[in-house]
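Asker: What follows is a structure written as structure tokens; I'll ask about it next.
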Amino acid sequence: MFFDSIVSVIKTITFVDVLDVAIVSYIIYIAFVLVRETRAAQLIKGVAIFVVAYVLAAQFGLSTLKFLLNAVLQFGVIAMVVIFQPELRRALEKVGRTKIGNLQLFRQSAPDEEQQRKIRRMIMTVCDAADMLSNKKTGALIVVECTTKLGEIAATGTTLDAVPSVELFGNLFFVNTPLHDGAIIMRDGLIHAAGCFLPLSDNFEISKELGTRHRAALGVSENSDAMVVVVSEETGLISVAQNGHLHRGIERDYLQKLLSNELLPQRPDDTQQKKRPFWKRGSK
């Protein structure tokens, strides 16, 4: 009898039902992946405990406890949206950078030959400047825009739209100059803005050895797909932040390779290399 009832239920399942379950399962999986490494993960555990307690209270007829838990859960949803607004925003931005968000409908057109020349010149200049600043142990923070525009960050600084040069980078980051404390925003092969303020990362697991520049680099990389080049004032080490990950102590040639892989159209044999996150790629 039990087996017959199972068979009868299975016979009523349609393709739409399977598709519905698959989509919901995928959404739950994506939500779990997005919150797993954030403060929201602990809150989700707390909410789960309240939900279980609510179900048990309803099951055993504990009306007063059920009423209280129901009130807590209703206000808890609103509190989650308010308290964890940065995490929710970051999650939506990550969804926008997935394959669905990168459909041709939303994607910018590929750079033409002239634009590619500007980007190549910018990459070479950024790498030469980072190497020069590293040798002089001059602190620097260079944000290279990819697909996510950083207009709200650029607005905190001074708009330049200048052709990049090693000498200009050196002047902008020279100690005690008006713009040396902020970040430079690179857009379309140009120095778009300088002296910009970046949001600091709120990741509590970041090493205490990292200073404000590295935390700022991680902060903007967590909220966009930008590549952020950091030169340490203390050690002279060159680092790159992307997607919330920091790769420290890289050489000039490897920095050029990373920037080229992200900003320039790739050859077919480079496709698989670009698909892998840079912190998992070999430096050779």
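By convention in this document, the chains of the structure tokens carry letters A, B, ... by their order, each chain's residues are numbered from 1, and ligands are numbered from 1 in the order they are shown.
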Skipping near chain neighbours, those fewer than 3 positions away, what residues fall within 12 Å of Gly151 (chain A) using only C-alpha atoms, listed as a list in words?
Answerer: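 The contact residues come out as Glu145, Thr148, Ala154, Ala155, Thr156, Gly157, Thr158, Thr159, Ile185, Met186, Arg187, His192, Ala193, Cys196, Phe197, Leu198 and Ser224 of chain A.
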Asker: Only N, CA and C atoms, please: the residues just picked out, written as a PDB file, in the first residue's frame.
Answerer:
```
ATOM      1  N   GLU A 145      39.406  49.785 -13.082  1.00  0.00           N
ATOM      2  CA  GLU A 145      38.024  49.389 -13.348  1.00  0.00           C
ATOM      3  C   GLU A 145      37.966  48.271 -14.374  1.00  0.00           C
ATOM      4  N   THR A 148      32.441  46.784 -13.653  1.00  0.00           N
ATOM      5  CA  THR A 148      31.675  47.551 -12.674  1.00  0.00           C
ATOM      6  C   THR A 148      32.215  48.972 -12.594  1.00  0.00           C
ATOM      7  N   ALA A 154      34.906  57.458  -7.481  1.00  0.00           N
ATOM      8  CA  ALA A 154      35.655  58.484  -8.211  1.00  0.00           C
ATOM      9  C   ALA A 154      35.199  59.883  -7.811  1.00  0.00           C
ATOM     10  N   ALA A 155      33.919  60.019  -7.444  1.00  0.00           N
ATOM     11  CA  ALA A 155      33.382  61.328  -7.067  1.00  0.00           C
ATOM     12  C   ALA A 155      33.984  61.853  -5.770  1.00  0.00           C
ATOM     13  N   THR A 156      34.594  60.962  -4.969  1.00  0.00           N
ATOM     14  CA  THR A 156      35.205  61.412  -3.703  1.00  0.00           C
ATOM     15  C   THR A 156      36.581  62.031  -3.925  1.00  0.00           C
ATOM     16  N   GLY A 157      37.108  61.901  -5.141  1.00  0.00           N
ATOM     17  CA  GLY A 157      38.433  62.445  -5.435  1.00  0.00           C
ATOM     18  C   GLY A 157      38.380  63.572  -6.438  1.00  0.00           C
ATOM     19  N   THR A 158      39.476  63.778  -7.131  1.00  0.00           N
ATOM     20  CA  THR A 158      39.599  64.836  -8.136  1.00  0.00           C
ATOM     21  C   THR A 158      39.667  64.222  -9.523  1.00  0.00           C
ATOM     22  N   THR A 159      38.778  64.638 -10.413  1.00  0.00           N
ATOM     23  CA  THR A 159      38.748  64.098 -11.773  1.00  0.00           C
ATOM     24  C   THR A 159      39.916  64.649 -12.585  1.00  0.00           C
ATOM     25  N   ILE A 185      41.866  56.015  -9.659  1.00  0.00           N
ATOM     26  CA  ILE A 185      40.911  55.197 -10.398  1.00  0.00           C
ATOM     27  C   ILE A 185      41.295  55.222 -11.871  1.00  0.00           C
ATOM     28  N   MET A 186      41.575  54.047 -12.438  1.00  0.00           N
ATOM     29  CA  MET A 186      41.902  53.926 -13.862  1.00  0.00           C
ATOM     30  C   MET A 186      40.642  53.515 -14.623  1.00  0.00           C
ATOM     31  N   ARG A 187      40.320  54.266 -15.659  1.00  0.00           N
ATOM     32  CA  ARG A 187      39.137  53.951 -16.473  1.00  0.00           C
ATOM     33  C   ARG A 187      39.461  54.198 -17.943  1.00  0.00           C
ATOM     34  N   HIS A 192      41.477  58.339 -14.400  1.00  0.00           N
ATOM     35  CA  HIS A 192      40.183  59.029 -14.351  1.00  0.00           C
ATOM     36  C   HIS A 192      40.096  59.967 -13.156  1.00  0.00           C
ATOM     37  N   ALA A 193      40.522  59.505 -11.983  1.00  0.00           N
ATOM     38  CA  ALA A 193      40.432  60.332 -10.776  1.00  0.00           C
ATOM     39  C   ALA A 193      41.543  59.948  -9.810  1.00  0.00           C
ATOM     40  N   CYS A 196      41.034  59.463  -4.213  1.00  0.00           N
ATOM     41  CA  CYS A 196      39.709  58.899  -3.920  1.00  0.00           C
ATOM     42  C   CYS A 196      39.740  58.078  -2.625  1.00  0.00           C
ATOM     43  N   PHE A 197      38.612  58.082  -1.928  1.00  0.00           N
ATOM     44  CA  PHE A 197      38.478  57.312  -0.690  1.00  0.00           C
ATOM     45  C   PHE A 197      37.770  55.995  -0.990  1.00  0.00           C
ATOM     46  N   LEU A 198      38.342  54.906  -0.518  1.00  0.00           N
ATOM     47  CA  LEU A 198      37.791  53.585  -0.751  1.00  0.00           C
ATOM     48  C   LEU A 198      37.149  53.035   0.515  1.00  0.00           C
ATOM     49  N   SER A 224      33.092  45.001  -6.095  1.00  0.00           N
ATOM     50  CA  SER A 224      33.158  45.201  -7.538  1.00  0.00           C
ATOM     51  C   SER A 224      34.101  44.165  -8.133  1.00  0.00           C
TER      52      SER A 224
END
```
Asker: Give me the residues within 12 Å of Ala53 (chain A) as a count of residues only, counting only C-alpha atoms and dropping any in the same chain fewer than 6 places off.
Answerer: 14
Asker: If you count only C-alpha atoms, which residues fall within 6 Å of Gly195 (chain A), apart from same-chain ones fewer than 5 positions away, as a ChimeraX atom specification?
Answerer: /A:157,179,182-183
Asker: Give me, as a compact mmCIF listing (two decimals) with N, CA and C atoms, in the first residue's frame, all polymer residues having an atom no more than 9 Å from Val231 (chain A), counting only C-alpha atoms and skipping those fewer than 4 positions away in the same chain.
Answerer:
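File produced: part_10.txt:
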```
# COMPACT_ATOMS: atom_id res chain seq x y z
N ALA A 130 54.27 50.84 -10.58
CA ALA A 130 54.27 50.02 -9.38
C ALA A 130 55.67 49.55 -9.04
N ASP A 131 56.43 49.17 -10.06
CA ASP A 131 57.81 48.72 -9.85
C ASP A 131 58.67 49.86 -9.32
N LEU A 133 57.60 52.63 -7.71
CA LEU A 133 57.16 53.00 -6.36
C LEU A 133 57.59 51.94 -5.34
N SER A 134 57.62 50.68 -5.79
CA SER A 134 58.07 49.60 -4.91
C SER A 134 59.53 49.78 -4.54
N LYS A 137 59.82 52.42 -2.07
CA LYS A 137 58.96 52.20 -0.89
C LYS A 137 57.99 53.37 -0.68
N THR A 138 57.36 53.75 -1.79
CA THR A 138 56.33 54.79 -1.74
C THR A 138 54.97 54.12 -1.81
N GLY A 139 54.12 54.36 -0.83
CA GLY A 139 52.80 53.74 -0.81
C GLY A 139 51.94 54.17 -1.98
N ALA A 140 51.17 53.22 -2.52
CA ALA A 140 50.31 53.52 -3.67
C ALA A 140 49.08 52.62 -3.65
N LEU A 141 48.00 53.14 -4.22
CA LEU A 141 46.74 52.41 -4.31
C LEU A 141 46.11 52.75 -5.66
N ILE A 142 46.12 51.78 -6.58
CA ILE A 142 45.65 52.00 -7.95
C ILE A 142 44.50 51.05 -8.24
N ARG A 213 45.78 50.61 3.49
CA ARG A 213 45.75 50.49 2.04
C ARG A 213 45.26 49.12 1.60
N HIS A 214 45.79 48.08 2.23
CA HIS A 214 45.39 46.73 1.84
C HIS A 214 43.92 46.46 2.19
N THR A 235 57.11 47.87 3.29
CA THR A 235 57.95 46.80 2.73
C THR A 235 58.27 46.98 1.26
N GLY A 236 57.48 47.81 0.57
CA GLY A 236 57.67 47.96 -0.87
C GLY A 236 57.07 46.83 -1.69
N LEU A 237 56.41 45.87 -1.04
CA LEU A 237 55.82 44.74 -1.76
C LEU A 237 54.63 45.19 -2.60
N ILE A 238 54.51 44.58 -3.79
CA ILE A 238 53.37 44.83 -4.67
C ILE A 238 52.33 43.74 -4.44
N SER A 239 51.08 44.14 -4.26
CA SER A 239 49.99 43.18 -4.06
C SER A 239 48.85 43.52 -5.00
N VAL A 240 48.01 42.54 -5.26
CA VAL A 240 46.81 42.74 -6.08
C VAL A 240 45.61 42.16 -5.36
```
Asker: Choose the residue, out of A:Ala226, A:Ser63, A:Phe32, A:Val7, that has the smallest atom-to-atom separation from Lys149 (chain A); count only C-alpha atoms.
Answerer: A:Ala226
Asker: Quick check for you: according to DSSP on this backbone, which residues of region 159-194 of chain A are classed as helix (DSSP H, G or I)? Reply as a list in words.
Answerer: Val166, Glu167, Leu168, Phe169, Gly170, Asn171, Leu172 and Phe173 of chain A
Asker: Record the distance separating CA of Asn203 (chain A) and CA of Leu218 (chain A), expressed in Å with one decimal.
Answerer: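 Separation of CA of Asn203 (chain A) and CA of Leu218 (chain A): 8.9 Å.
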Asker: Excluding Asp253 (chain A) and residues on its chain fewer than 3 positions from it, collect all residues at most 12 Å away from it, counting only C-alpha atoms, and give them as a PyMOL selection string.
Answerer: chain A and resi 123-124+126-128+130-131+238+250+256-260+283-284
Asker: What does the distance between CA of Asn135 (chain A) and CA of Val220 (chain A) come to in Å, to one decimal place?
Answerer: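 Going from CA of Asn135 (chain A) over to CA of Val220 (chain A) covers 25.4 Å.
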